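File shown: model-v7.csv (CSV, C-alpha atoms).
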```csv
chain,number,residue,atom,x,y,z
A,1,MET,CA,99.1,116.6,195.9
A,2,HIS,CA,101.7,116.2,198.5
A,3,GLU,CA,104.1,118.9,197.4
A,4,LEU,CA,102.9,121.2,200.2
A,5,ALA,CA,103.8,118.5,202.8
A,6,VAL,CA,107.2,118.1,201.1
A,7,CYS,CA,107.7,121.9,201.3
A,8,GLN,CA,106.8,121.9,204.9
A,9,GLY,CA,109.4,119.3,205.6
A,10,LEU,CA,111.9,121.4,203.7
A,11,MET,CA,111.0,124.5,205.8
A,12,GLY,CA,111.6,122.5,209.0
A,13,GLN,CA,115.2,121.6,207.7
A,14,VAL,CA,115.8,125.2,206.5
A,15,GLU,CA,114.8,126.8,209.8
A,16,GLN,CA,117.0,124.3,211.7
A,17,ILE,CA,119.9,125.3,209.5
A,18,ALA,CA,119.1,129.0,210.0
A,19,ARG,CA,119.1,128.7,213.8
A,20,ARG,CA,122.3,126.7,213.8
A,21,GLU,CA,124.1,129.2,211.5
A,22,ASN,CA,122.6,132.2,213.3
A,23,ALA,CA,121.2,133.4,210.0
A,24,GLU,CA,119.1,136.5,209.7
A,25,ARG,CA,117.6,135.4,206.4
A,26,ILE,CA,117.8,132.7,203.8
A,27,THR,CA,118.3,134.1,200.4
A,28,ARG,CA,118.4,131.0,198.2
A,29,ILE,CA,117.5,127.3,198.5
A,30,LEU,CA,118.8,124.8,196.0
A,31,LEU,CA,117.0,121.5,195.5
A,32,SER,CA,117.8,118.5,193.3
A,33,ILE,CA,114.7,116.7,192.0
A,34,GLY,CA,114.4,113.7,189.7
A,35,PRO,CA,111.3,112.6,187.8
A,36,LEU,CA,111.1,109.4,189.8
A,37,SER,CA,111.0,111.2,193.2
A,38,GLY,CA,107.3,111.5,192.9
A,39,VAL,CA,107.3,115.3,193.3
A,40,GLU,CA,106.8,117.9,190.6
A,41,ALA,CA,109.2,120.8,190.5
A,42,THR,CA,106.6,123.2,189.3
A,43,LEU,CA,104.2,122.2,192.1
A,44,LEU,CA,107.0,122.6,194.7
A,45,LYS,CA,107.5,126.1,193.4
A,46,ASP,CA,103.8,126.8,193.8
A,47,ALA,CA,103.7,125.4,197.3
A,48,PHE,CA,106.9,127.1,198.5
A,49,PRO,CA,105.5,130.6,199.2
A,50,ILE,CA,102.7,129.1,201.3
A,51,ALA,CA,105.1,127.0,203.4
A,52,ALA,CA,107.7,129.8,203.6
A,53,ALA,CA,105.4,132.6,204.7
A,54,GLY,CA,106.5,134.1,208.0
A,55,THR,CA,109.7,132.2,208.1
A,56,VAL,CA,113.4,133.2,207.7
A,57,ALA,CA,113.1,131.9,204.1
A,58,GLU,CA,110.1,134.1,203.2
A,59,ASP,CA,112.0,136.0,200.5
A,60,ALA,CA,114.3,133.1,199.4
A,61,ASP,CA,114.7,132.1,195.8
A,62,LEU,CA,113.8,128.5,195.4
A,63,ALA,CA,116.1,127.0,192.7
A,64,ILE,CA,115.5,123.5,191.5
A,65,GLU,CA,118.0,121.4,189.5
A,66,GLU,CA,116.1,118.7,187.7
A,67,GLN,CA,118.0,115.5,187.2
A,68,ALA,CA,117.8,113.2,184.2
A,69,VAL,CA,116.9,109.6,184.4
A,70,ARG,CA,119.9,107.3,183.9
A,71,VAL,CA,120.2,103.6,184.3
A,72,LYS,CA,123.1,101.2,184.4
A,73,CYS,CA,122.5,97.7,182.9
A,74,LEU,CA,123.1,94.8,185.3
A,75,SER,CA,123.4,92.5,182.3
A,76,CYS,CA,125.7,94.3,179.8
A,77,GLY,CA,127.1,97.1,182.0
A,78,ALA,CA,126.1,100.0,179.7
A,79,GLU,CA,124.9,103.2,181.2
A,80,SER,CA,122.2,105.0,179.3
A,81,GLU,CA,119.5,107.6,179.4
A,82,ALA,CA,116.0,106.4,180.1
A,83,SER,CA,112.6,107.7,180.7
A,84,ALA,CA,110.6,107.5,184.0
A,85,ASN,CA,108.3,104.7,182.8
A,86,ARG,CA,110.8,102.9,180.6
A,87,LEU,CA,113.9,102.0,182.6
A,88,LEU,CA,115.3,99.5,180.1
A,89,CYS,CA,118.9,99.4,179.0
A,90,ALA,CA,119.3,101.4,175.8
A,91,ALA,CA,122.1,99.2,174.6
A,92,CYS,CA,120.8,95.7,175.1
A,93,GLY,CA,117.1,96.2,176.1
A,94,ASP,CA,117.4,94.3,179.3
A,95,TYR,CA,115.0,95.3,182.1
A,96,ARG,CA,117.4,94.4,184.9
A,97,THR,CA,118.9,97.8,185.4
A,98,ARG,CA,119.9,100.0,188.4
A,99,LEU,CA,118.9,103.6,188.6
A,100,VAL,CA,122.0,105.8,188.5
A,101,SER,CA,120.0,109.1,188.8
A,102,GLY,CA,116.5,110.4,188.5
A,103,ASP,CA,115.0,109.7,191.9
A,104,GLU,CA,116.6,112.6,193.8
A,105,MET,CA,114.6,114.6,196.3
A,106,LEU,CA,117.3,116.5,198.0
A,107,LEU,CA,118.1,119.8,199.7
A,108,MET,CA,121.5,120.6,198.2
A,109,SER,CA,122.3,123.9,199.8
A,110,VAL,CA,121.1,127.1,201.3
A,111,GLU,CA,122.5,130.6,200.9
A,112,LEU,CA,122.1,132.8,203.9
A,113,GLU,CA,123.0,136.1,205.5
A,114,ARG,CA,124.3,135.8,209.1
A,115,ARG,CA,123.3,138.2,211.9
A,116,GLU,CA,125.9,140.7,212.8
A,117,SER,CA,127.6,139.2,215.8
A,118,ALA,CA,126.9,141.2,219.0
B,1,MET,CA,117.6,107.4,202.4
B,2,CYS,CA,119.8,108.4,205.2
B,3,ASP,CA,121.9,111.5,205.8
B,4,THR,CA,124.9,109.8,207.4
B,5,CYS,CA,126.6,107.4,205.0
B,6,GLY,CA,126.8,109.4,201.8
B,7,CYS,CA,124.1,107.6,199.9
B,8,ASN,CA,122.5,110.9,199.2
B,9,ILE,CA,125.4,111.6,196.8
B,10,THR,CA,124.5,110.1,193.5
B,11,ASP,CA,126.1,110.2,190.1
B,12,GLY,CA,123.5,112.9,189.3
B,13,ASN,CA,124.7,115.3,191.9
B,14,ARG,CA,128.3,114.4,192.7
B,15,HIS,CA,129.6,117.1,190.4
B,16,LEU,CA,128.0,119.7,192.6
B,17,ILE,CA,130.1,119.0,195.6
B,18,GLU,CA,133.4,118.0,193.9
B,19,GLY,CA,136.1,120.2,192.5
B,20,ASP,CA,134.7,123.6,191.5
B,21,GLY,CA,131.1,122.4,191.8
B,22,LYS,CA,128.6,125.0,192.9
B,23,LEU,CA,128.3,123.6,196.3
B,24,ALA,CA,132.0,123.5,196.9
B,25,GLN,CA,132.4,127.2,196.8
B,26,THR,CA,130.9,130.1,198.5
B,27,ALA,CA,128.6,132.3,196.5
B,28,SER,CA,129.5,135.9,196.1
B,29,GLY,CA,128.6,138.1,199.1
B,30,LYS,CA,126.5,135.4,200.8
B,31,GLU,CA,127.4,132.2,202.5
B,32,ALA,CA,126.3,128.9,200.9
B,33,ILE,CA,125.8,126.0,203.3
B,34,SER,CA,126.0,122.6,201.7
B,35,VAL,CA,123.3,120.3,203.0
B,36,LEU,CA,122.6,117.2,200.9
B,37,GLN,CA,119.7,116.0,202.9
B,38,GLY,CA,116.6,114.2,201.8
B,39,LEU,CA,113.6,116.6,201.8
B,40,LEU,CA,111.6,114.2,203.9
B,41,SER,CA,114.3,113.5,206.5
B,42,ALA,CA,111.9,114.2,209.4
B,43,ASN,CA,109.5,111.6,208.0
B,44,ASP,CA,112.3,109.2,207.3
B,45,HIS,CA,113.5,109.5,210.9
B,46,ALA,CA,110.1,108.7,212.2
B,47,ALA,CA,109.8,105.8,209.7
B,48,ALA,CA,113.1,104.3,211.0
B,49,HIS,CA,111.7,104.6,214.5
B,50,ASN,CA,108.6,102.7,213.5
B,51,ARG,CA,110.7,100.0,211.8
B,52,GLU,CA,112.6,99.6,215.0
B,53,HIS,CA,109.3,99.0,216.8
B,54,PHE,CA,108.3,96.4,214.3
B,55,ASN,CA,111.6,94.6,214.5
B,56,ARG,CA,111.7,94.6,218.2
B,57,HIS,CA,108.3,92.9,218.3
B,58,ALA,CA,109.0,90.6,215.4
B,59,VAL,CA,106.2,92.1,213.4
B,60,LEU,CA,106.1,92.0,209.6
B,61,ALA,CA,104.8,95.4,208.4
B,62,VAL,CA,103.3,95.6,205.0
B,63,ASN,CA,102.1,98.7,203.2
B,64,LEU,CA,99.2,98.2,200.8
B,65,MET,CA,98.8,100.9,198.1
B,66,SER,CA,96.5,101.2,195.1
B,67,SER,CA,93.8,103.4,193.6
B,68,PRO,CA,90.6,103.8,195.5
B,69,GLY,CA,88.3,100.9,195.0
B,70,SER,CA,90.9,98.3,193.9
B,71,GLY,CA,89.9,95.9,196.6
B,72,LYS,CA,92.5,96.5,199.4
B,73,THR,CA,90.0,96.1,202.3
B,74,ARG,CA,88.2,93.1,200.7
B,75,LEU,CA,91.6,91.4,200.2
B,76,LEU,CA,92.4,92.0,203.9
B,77,GLU,CA,89.1,90.6,205.0
B,78,GLU,CA,89.6,87.4,203.0
B,79,THR,CA,93.3,87.2,204.1
B,80,ILE,CA,92.2,87.4,207.8
B,81,THR,CA,89.7,84.6,207.3
B,82,ALA,CA,92.1,82.4,205.4
B,83,LEU,CA,94.9,82.8,207.9
B,84,GLY,CA,92.6,82.1,210.9
B,85,ASP,CA,94.7,81.3,214.0
B,86,GLU,CA,97.9,80.7,212.0
B,87,LEU,CA,99.1,84.3,212.0
B,88,ARG,CA,97.8,87.2,214.1
B,89,VAL,CA,96.9,90.2,212.0
B,90,ALA,CA,96.3,93.8,212.9
B,91,VAL,CA,95.4,96.6,210.5
B,92,VAL,CA,96.0,100.3,210.3
B,93,GLU,CA,93.5,101.9,207.9
B,94,GLY,CA,94.1,105.2,206.2
B,95,ASP,CA,91.3,107.2,204.6
B,96,LEU,CA,90.4,110.9,204.3
B,97,GLU,CA,87.2,110.3,206.3
B,98,THR,CA,85.0,107.6,208.0
B,99,GLU,CA,85.8,104.6,210.2
B,100,ASN,CA,84.1,102.3,207.7
B,101,ASP,CA,87.1,100.3,206.7
B,102,ALA,CA,88.3,99.8,210.3
B,103,GLN,CA,84.9,98.6,211.2
B,104,ARG,CA,84.9,96.0,208.4
B,105,ILE,CA,88.2,94.7,209.7
B,106,ARG,CA,87.0,94.6,213.3
B,107,GLU,CA,84.0,92.5,212.2
B,108,LYS,CA,86.6,89.9,211.3
B,109,GLY,CA,87.7,89.8,214.9
B,110,VAL,CA,91.1,91.6,214.6
B,111,GLU,CA,92.3,94.9,215.8
B,112,ALA,CA,92.1,97.9,213.5
B,113,VAL,CA,93.1,101.5,214.0
B,114,GLN,CA,91.6,104.0,211.6
B,115,ILE,CA,93.6,107.1,210.7
B,116,THR,CA,91.5,109.8,209.1
B,117,THR,CA,93.8,112.2,207.3
B,118,GLY,CA,91.2,114.9,206.6
B,119,THR,CA,92.5,116.3,203.4
B,120,ALA,CA,95.9,114.7,203.3
B,121,CYS,CA,96.4,112.4,200.3
B,122,HIS,CA,98.8,109.9,202.0
B,123,LEU,CA,99.8,108.4,205.3
B,124,ASP,CA,103.1,109.6,206.8
B,125,ALA,CA,105.3,108.0,209.4
B,126,HIS,CA,104.1,110.2,212.2
B,127,MET,CA,100.5,109.3,211.7
B,128,VAL,CA,101.4,105.6,211.7
B,129,HIS,CA,103.5,106.1,214.8
B,130,ASP,CA,100.5,107.5,216.6
B,131,ALA,CA,98.4,104.6,215.5
B,132,LEU,CA,100.9,102.1,216.8
B,133,HIS,CA,100.4,103.4,220.3
B,134,GLN,CA,96.9,102.0,220.1
B,135,LEU,CA,98.1,98.5,219.3
B,136,ASP,CA,99.8,95.8,221.3
B,137,LEU,CA,102.5,94.8,218.9
B,138,ASP,CA,103.4,91.7,221.0
B,139,ALA,CA,100.0,90.3,220.0
B,140,VAL,CA,100.6,90.9,216.2
B,141,ASP,CA,102.5,88.8,213.6
B,142,ILE,CA,101.6,90.8,210.5
B,143,LEU,CA,100.6,94.5,210.5
B,144,PHE,CA,98.9,95.7,207.4
B,145,ILE,CA,99.0,99.4,206.7
B,146,GLU,CA,96.2,100.1,204.2
B,147,ASN,CA,97.3,103.4,202.7
B,148,VAL,CA,95.0,106.1,201.4
B,149,GLY,CA,93.7,105.0,197.9
B,150,ASN,CA,96.0,107.1,195.6
B,151,LEU,CA,98.5,106.0,193.0
B,152,VAL,CA,100.7,109.1,193.5
B,153,CYS,CA,101.5,110.5,196.9
B,154,PRO,CA,101.7,107.4,199.2
B,155,ALA,CA,104.8,106.3,197.2
B,156,SER,CA,106.9,109.2,198.5
B,157,PHE,CA,106.5,108.6,202.2
B,158,ASP,CA,108.3,105.8,204.0
B,159,LEU,CA,106.2,104.6,206.9
B,160,GLY,CA,108.6,102.1,208.4
B,161,GLN,CA,107.2,99.1,206.6
B,162,HIS,CA,109.2,96.1,205.4
B,163,ARG,CA,107.4,95.6,202.2
B,164,ASN,CA,105.3,97.5,199.7
B,165,ILE,CA,102.4,95.9,197.9
B,166,THR,CA,100.7,97.6,195.0
B,167,LEU,CA,97.3,96.4,193.9
B,168,LEU,CA,96.1,96.8,190.3
B,169,SER,CA,92.4,95.8,189.8
B,170,VAL,CA,91.4,94.5,186.4
B,171,THR,CA,88.8,97.2,186.2
B,172,GLU,CA,91.6,99.7,185.8
B,173,GLY,CA,93.9,99.9,182.7
B,174,ASP,CA,96.7,97.4,182.3
B,175,ASP,CA,99.0,100.3,181.6
B,176,LYS,CA,98.7,101.8,185.1
B,177,PRO,CA,102.4,100.9,185.8
B,178,ALA,CA,103.5,103.0,182.8
B,179,LYS,CA,101.3,105.9,183.9
B,180,TYR,CA,102.3,105.8,187.6
B,181,PRO,CA,105.9,104.7,187.5
B,182,VAL,CA,106.9,106.0,191.0
B,183,MET,CA,104.2,104.0,192.7
B,184,PHE,CA,104.7,100.7,190.8
B,185,ARG,CA,108.4,100.9,191.0
B,186,ALA,CA,108.1,101.0,194.8
B,187,ALA,CA,106.2,97.6,194.8
B,188,ASP,CA,107.9,94.5,196.2
B,189,LEU,CA,104.9,92.6,195.0
B,190,MET,CA,102.2,93.5,192.5
B,191,LEU,CA,98.7,92.0,193.0
B,192,ILE,CA,96.3,92.0,190.0
B,193,SER,CA,93.0,92.0,191.9
B,194,LYS,CA,89.3,91.2,190.9
B,195,SER,CA,90.5,88.5,188.5
B,196,ASP,CA,87.0,87.0,188.5
B,197,LEU,CA,86.0,90.0,186.4
B,198,LEU,CA,88.5,89.2,183.7
B,199,ALA,CA,85.9,87.1,181.8
B,200,VAL,CA,83.8,90.3,181.2
B,201,LEU,CA,86.7,92.8,180.9
B,202,ASP,CA,88.5,91.5,177.8
B,203,ASP,CA,90.6,94.7,177.5
B,204,PHE,CA,92.7,94.0,180.5
B,205,SER,CA,95.7,91.8,180.0
B,206,PRO,CA,97.6,90.6,183.1
B,207,GLN,CA,100.6,89.9,180.8
B,208,LYS,CA,100.6,93.4,179.5
B,209,ALA,CA,100.4,94.8,183.1
B,210,GLU,CA,103.4,92.6,184.0
B,211,ARG,CA,105.3,93.8,180.9
B,212,HIS,CA,104.7,97.5,181.9
B,213,LEU,CA,106.0,96.6,185.4
B,214,ARG,CA,109.2,95.1,184.0
B,215,GLU,CA,109.8,98.2,181.9
B,216,LEU,CA,110.2,99.9,185.3
B,217,ALA,CA,113.2,97.6,185.9
B,218,SER,CA,111.1,95.9,188.6
B,219,PRO,CA,111.8,92.2,189.4
B,220,ALA,CA,108.7,92.1,191.7
B,221,PRO,CA,106.5,89.0,191.6
B,222,VAL,CA,103.1,89.4,190.1
B,223,TYR,CA,100.1,87.4,191.4
B,224,THR,CA,96.7,87.5,189.8
B,225,LEU,CA,93.9,86.8,192.3
B,226,SER,CA,90.3,87.3,193.3
B,227,ALA,CA,89.4,87.9,196.9
B,228,ARG,CA,85.8,87.2,196.0
B,229,SER,CA,86.2,83.8,194.3
B,230,GLY,CA,89.3,82.8,196.2
B,231,ASP,CA,91.3,82.1,193.0
B,232,GLY,CA,95.0,82.8,193.3
B,233,LEU,CA,94.8,83.5,197.1
B,234,ALA,CA,97.1,80.6,197.9
B,235,ASP,CA,100.2,82.2,196.2
B,236,TRP,CA,99.5,85.5,198.1
B,237,LEU,CA,99.1,83.6,201.5
B,238,ASP,CA,102.3,81.7,200.8
B,239,TRP,CA,104.2,84.9,200.1
B,240,LEU,CA,102.9,86.3,203.4
B,241,ARG,CA,104.0,83.2,205.3
B,242,ARG,CA,107.5,83.4,203.7
B,243,GLU,CA,107.8,87.1,204.5
B,244,HIS,CA,106.7,86.5,208.1
B,245,THR,CA,109.2,83.7,208.6
B,246,ALA,CA,111.9,86.0,207.2
B,247,ALA,CA,110.8,88.8,209.6
B,248,LEU,CA,111.2,86.4,212.6
B,249,GLU,CA,114.7,85.4,211.3
B,250,ARG,CA,115.7,89.1,211.0
B,251,THR,CA,114.5,89.9,214.5
B,252,ALA,CA,116.5,86.9,215.8
B,253,ARG,CA,119.6,88.2,214.0
B,254,GLY,CA,119.0,91.8,215.0
B,255,ASP,CA,118.7,92.7,211.3
B,256,THR,CA,116.2,94.8,209.4
B,257,VAL,CA,115.0,95.2,205.9
B,258,ARG,CA,113.3,98.0,203.9
B,259,PRO,CA,111.3,97.8,200.7
B,260,ALA,CA,113.5,97.0,197.7
B,261,ILE,CA,112.9,100.5,196.4
B,262,GLN,CA,112.7,103.1,199.0
B,263,ALA,CA,109.8,105.6,199.2
B,264,ASP,CA,112.3,108.1,197.8
B,265,GLY,CA,113.7,105.7,195.3
B,266,GLN,CA,117.0,104.7,196.9
B,267,PRO,CA,117.9,101.1,196.3
B,268,LEU,CA,118.3,98.8,199.3
B,269,HIS,CA,121.7,99.0,200.9
B,270,ALA,CA,123.8,95.9,200.6
B,271,HIS,CA,123.9,95.8,204.4
B,272,ALA,CA,121.4,97.0,206.9
B,273,HIS,CA,122.9,100.0,208.6
B,274,ASP,CA,122.0,102.1,211.6
B,275,HIS,CA,119.0,104.3,211.1
B,276,GLY,CA,118.8,104.9,214.8
B,277,HIS,CA,118.5,108.0,216.7
B,278,HIS,CA,121.0,110.5,215.4
B,279,SER,CA,120.5,113.9,216.9
B,280,HIS,CA,118.0,116.2,215.3
B,281,ASP,CA,118.6,119.3,217.3
```
Encoding of this model in structure tokens:
Amino acid sequence: MHELAVCQGLMGQVEQIARRENAERITRILLSIGPLSGVEATLLKDAFPIAAAGTVAEDADLAIEEQAVRVKCLSCGAESEASANRLLCAACGDYRTRLVSGDEMLLMSVELERRESA
Amino acid sequence: MCDTCGCNITDGNRHLIEGDGKLAQTASGKEAISVLQGLLSANDHAAAHNREHFNRHAVLAVNLMSSPGSGKTRLLEETITALGDELRVAVVEGDLETENDAQRIREKGVEAVQITTGTACHLDAHMVHDALHQLDLDAVDILFIENVGNLVCPASFDLGQHRNITLLSVTEGDDKPAKYPVMFRAADLMLISKSDLLAVLDDFSPQKAERHLRELASPAPVYTLSARSGDGLADWLDWLRREHTAALERTARGDTVRPAIQADGQPLHAHAHDHGHHSHD
């Protein structure tokens, strides 16, 4: 499972933001994850405390917004819901579709408390 | 994916940053910083750096992915023999332990660098970058990166390759693309390997395997081959020759290309754009 490696990458980004914003602690981290990103939200949540231990985000709440799989048909133009292993157009059945959403693996935002300025 | 041109913002998350979306406003009492950055941006940055190396040296970089035991190393051995002096090959091998695969490649008279990942289930761009320092890229036309045998994790990490190839051996189920959609969706070419065994494995249908791949909205070509018998190798070698010619043309134009579906699933941009060194302070 590579969710720990992904979480470590996330911590690198979060710590960078904390330094830049002069944050004392990170209180909340919001991710956007789609089923086609290759990472599992539940496994990310399990890996998070390990990666966050001893960092400014140690006590942060990890929130994950899971995205639906949606495709746009390149043949008939319809947009429809799909599943991870069946990305066909729901309207005409064509396989030539473009993914509209469902592959996100994004750090959306962090909530933080700044240090009192000296 | 990049963090500069706005391609992070998809129809799935646009509502969060527009109007009264939750990233457009400050949460009560605390400060919310909007980021919208890929979770693997450090890896993606290293991958872009690798890709620049490949482009500068006019090297076609190909990432081979599959389950363990699907015949990646055997295919490389036969490919090296078949290409002879026509194209100069080097190989980066990824395994949890042992130098066995690199040694097999070296016995074919080409350079091979073994990466042993210990417990890591995939190669990442930093590991590949370290391996590149042991190779003279000016003496290479095609660099094969043989990823760790695994149908899950390698698909999430961009290494800087130009093309992804996923092998599916006929000893596996023909429904593997449906079971591992992230991996098979990433393939620019799917190779059905060990076809010499089809005669005794009547439950594997190459047509069904291809149908499962199409259901992932993949237009990737599918070749059925056997490294052992040599059947079907000609199509694969022709594909490599075409891709190598295209790589030379890209280098001449100062252009680049990434796999059709990115490691993180982003479609190819219509135009190559700068993934160079933006500051990561």
Check every residue of chain A for an atom within 7 Å of chain B, counting all atoms listed in the file, and provide those that qualify as a ChimeraX atom specification. /A:1-2,6,9-10,36-38,67,84-88,95-97,100-101,103,105-113
Kindly save the residues from that selection, with C-alpha atoms included, as a compact mmCIF listing (two decimals), keeping the file's coordinate frame.
```txt
# COMPACT_ATOMS: atom_id res chain seq x y z
CA MET A 1 99.10 116.60 195.90
CA HIS A 2 101.70 116.20 198.50
CA VAL A 6 107.20 118.10 201.10
CA GLY A 9 109.40 119.30 205.60
CA LEU A 10 111.90 121.40 203.70
CA LEU A 36 111.10 109.40 189.80
CA SER A 37 111.00 111.20 193.20
CA GLY A 38 107.30 111.50 192.90
CA GLN A 67 118.00 115.50 187.20
CA ALA A 84 110.60 107.50 184.00
CA ASN A 85 108.30 104.70 182.80
CA ARG A 86 110.80 102.90 180.60
CA LEU A 87 113.90 102.00 182.60
CA LEU A 88 115.30 99.50 180.10
CA TYR A 95 115.00 95.30 182.10
CA ARG A 96 117.40 94.40 184.90
CA THR A 97 118.90 97.80 185.40
CA VAL A 100 122.00 105.80 188.50
CA SER A 101 120.00 109.10 188.80
CA ASP A 103 115.00 109.70 191.90
CA MET A 105 114.60 114.60 196.30
CA LEU A 106 117.30 116.50 198.00
CA LEU A 107 118.10 119.80 199.70
CA MET A 108 121.50 120.60 198.20
CA SER A 109 122.30 123.90 199.80
CA VAL A 110 121.10 127.10 201.30
CA GLU A 111 122.50 130.60 200.90
CA LEU A 112 122.10 132.80 203.90
CA GLU A 113 123.00 136.10 205.50
```
Grab the atom CA of Tyr223 of chain B to atom CA of Asp158 of chain B distance for me, in Å with one decimal place. 23.8 Å
Shell of 9 Å around Gly232 of chain B, all atoms listed in the file, local chain residues under 6 positions omitted, as a count of residues only: 5
Would you kindly identify which residues have an atom no farther than 8 Å from (114.3, 132.7, 195.2), using all atoms listed in the file and the file's own coordinates, and write them out as a ChimeraX atom specification? /A:27-29,59-63
For Val222 of chain B, work out the shell of residues within 8 Å, counting all atoms listed in the file and skipping chain neighbours fewer than 3 positions away, then give it as JSON, numbers by chain. {"B": [189, 190, 191, 192, 210]}
Could you state the separation of atom CA of Ile80 of chain B and atom CA of Asp44 of chain B in Å, given to one decimal place?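 Between atom CA of Ile80 of chain B and atom CA of Asp44 of chain B the gap works out to 29.7 Å.
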Calculate how many Å separate atom CA of Lys208 of chain B from atom CA of Ser193 of chain B, rounding to one decimal.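 Distance between the two atoms: 14.6 Å.
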Skipping near chain neighbours, those fewer than 3 positions away, what residues fall within 10 Å of Leu74 of chain A using only C-alpha atoms, listed as a ChimeraX atom specification? /A:71,77-79,89,94-98
Please write as a ChimeraX atom specification the list of polymer residues whose atoms come within 12 Å of (84.5, 84.8, 194.5), counting only C-alpha atoms and keeping to the coordinates of the file. /B:74-75,78,193-197,225-233
Completion step: segment 28-44 of chain B with N, CA and C atoms as a PDB file, keeping the file's coordinate frame:
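Below is the file that was written, result-v1.pdb:
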```
ATOM      1  N   SER B  28     128.961 134.597 195.881  1.00  0.00           N
ATOM      2  CA  SER B  28     129.500 135.900 196.100  1.00  0.00           C
ATOM      3  C   SER B  28     128.628 136.689 197.159  1.00  0.00           C
ATOM      4  N   GLY B  29     129.301 137.206 198.163  1.00  0.00           N
ATOM      5  CA  GLY B  29     128.600 138.100 199.100  1.00  0.00           C
ATOM      6  C   GLY B  29     127.835 137.325 200.194  1.00  0.00           C
ATOM      7  N   LYS B  30     127.373 136.142 199.874  1.00  0.00           N
ATOM      8  CA  LYS B  30     126.500 135.400 200.800  1.00  0.00           C
ATOM      9  C   LYS B  30     127.204 134.068 201.116  1.00  0.00           C
ATOM     10  N   GLU B  31     126.737 133.465 202.160  1.00  0.00           N
ATOM     11  CA  GLU B  31     127.400 132.200 202.500  1.00  0.00           C
ATOM     12  C   GLU B  31     126.480 131.049 202.079  1.00  0.00           C
ATOM     13  N   ALA B  32     127.071 130.108 201.381  1.00  0.00           N
ATOM     14  CA  ALA B  32     126.300 128.900 200.900  1.00  0.00           C
ATOM     15  C   ALA B  32     126.636 127.766 201.865  1.00  0.00           C
ATOM     16  N   ILE B  33     125.612 127.179 202.404  1.00  0.00           N
ATOM     17  CA  ILE B  33     125.800 126.000 203.300  1.00  0.00           C
ATOM     18  C   ILE B  33     125.367 124.789 202.524  1.00  0.00           C
ATOM     19  N   SER B  34     126.280 123.862 202.359  1.00  0.00           N
ATOM     20  CA  SER B  34     126.000 122.600 201.700  1.00  0.00           C
ATOM     21  C   SER B  34     125.220 121.688 202.623  1.00  0.00           C
ATOM     22  N   VAL B  35     124.149 121.084 202.148  1.00  0.00           N
ATOM     23  CA  VAL B  35     123.300 120.300 203.000  1.00  0.00           C
ATOM     24  C   VAL B  35     123.221 118.830 202.624  1.00  0.00           C
ATOM     25  N   LEU B  36     122.795 118.577 201.386  1.00  0.00           N
ATOM     26  CA  LEU B  36     122.600 117.200 200.900  1.00  0.00           C
ATOM     27  C   LEU B  36     121.818 116.322 201.769  1.00  0.00           C
ATOM     28  N   GLN B  37     120.605 116.752 202.030  1.00  0.00           N
ATOM     29  CA  GLN B  37     119.700 116.000 202.900  1.00  0.00           C
ATOM     30  C   GLN B  37     118.428 115.722 202.183  1.00  0.00           C
ATOM     31  N   GLY B  38     117.865 114.538 202.381  1.00  0.00           N
ATOM     32  CA  GLY B  38     116.600 114.200 201.800  1.00  0.00           C
ATOM     33  C   GLY B  38     115.524 115.216 202.278  1.00  0.00           C
ATOM     34  N   LEU B  39     114.597 115.597 201.391  1.00  0.00           N
ATOM     35  CA  LEU B  39     113.600 116.600 201.800  1.00  0.00           C
ATOM     36  C   LEU B  39     112.613 116.046 202.812  1.00  0.00           C
ATOM     37  N   LEU B  40     112.578 114.737 202.952  1.00  0.00           N
ATOM     38  CA  LEU B  40     111.600 114.200 203.900  1.00  0.00           C
ATOM     39  C   LEU B  40     112.368 113.537 205.080  1.00  0.00           C
ATOM     40  N   SER B  41     113.474 114.154 205.479  1.00  0.00           N
ATOM     41  CA  SER B  41     114.300 113.500 206.500  1.00  0.00           C
ATOM     42  C   SER B  41     113.575 113.379 207.844  1.00  0.00           C
ATOM     43  N   ALA B  42     112.664 114.322 208.165  1.00  0.00           N
ATOM     44  CA  ALA B  42     111.900 114.200 209.400  1.00  0.00           C
ATOM     45  C   ALA B  42     110.996 112.979 209.357  1.00  0.00           C
ATOM     46  N   ASN B  43     110.349 112.803 208.194  1.00  0.00           N
ATOM     47  CA  ASN B  43     109.500 111.600 208.000  1.00  0.00           C
ATOM     48  C   ASN B  43     110.330 110.340 208.030  1.00  0.00           C
ATOM     49  N   ASP B  44     111.474 110.384 207.358  1.00  0.00           N
ATOM     50  CA  ASP B  44     112.300 109.200 207.300  1.00  0.00           C
ATOM     51  C   ASP B  44     112.818 108.771 208.666  1.00  0.00           C
TER      52      ASP B  44
END
```
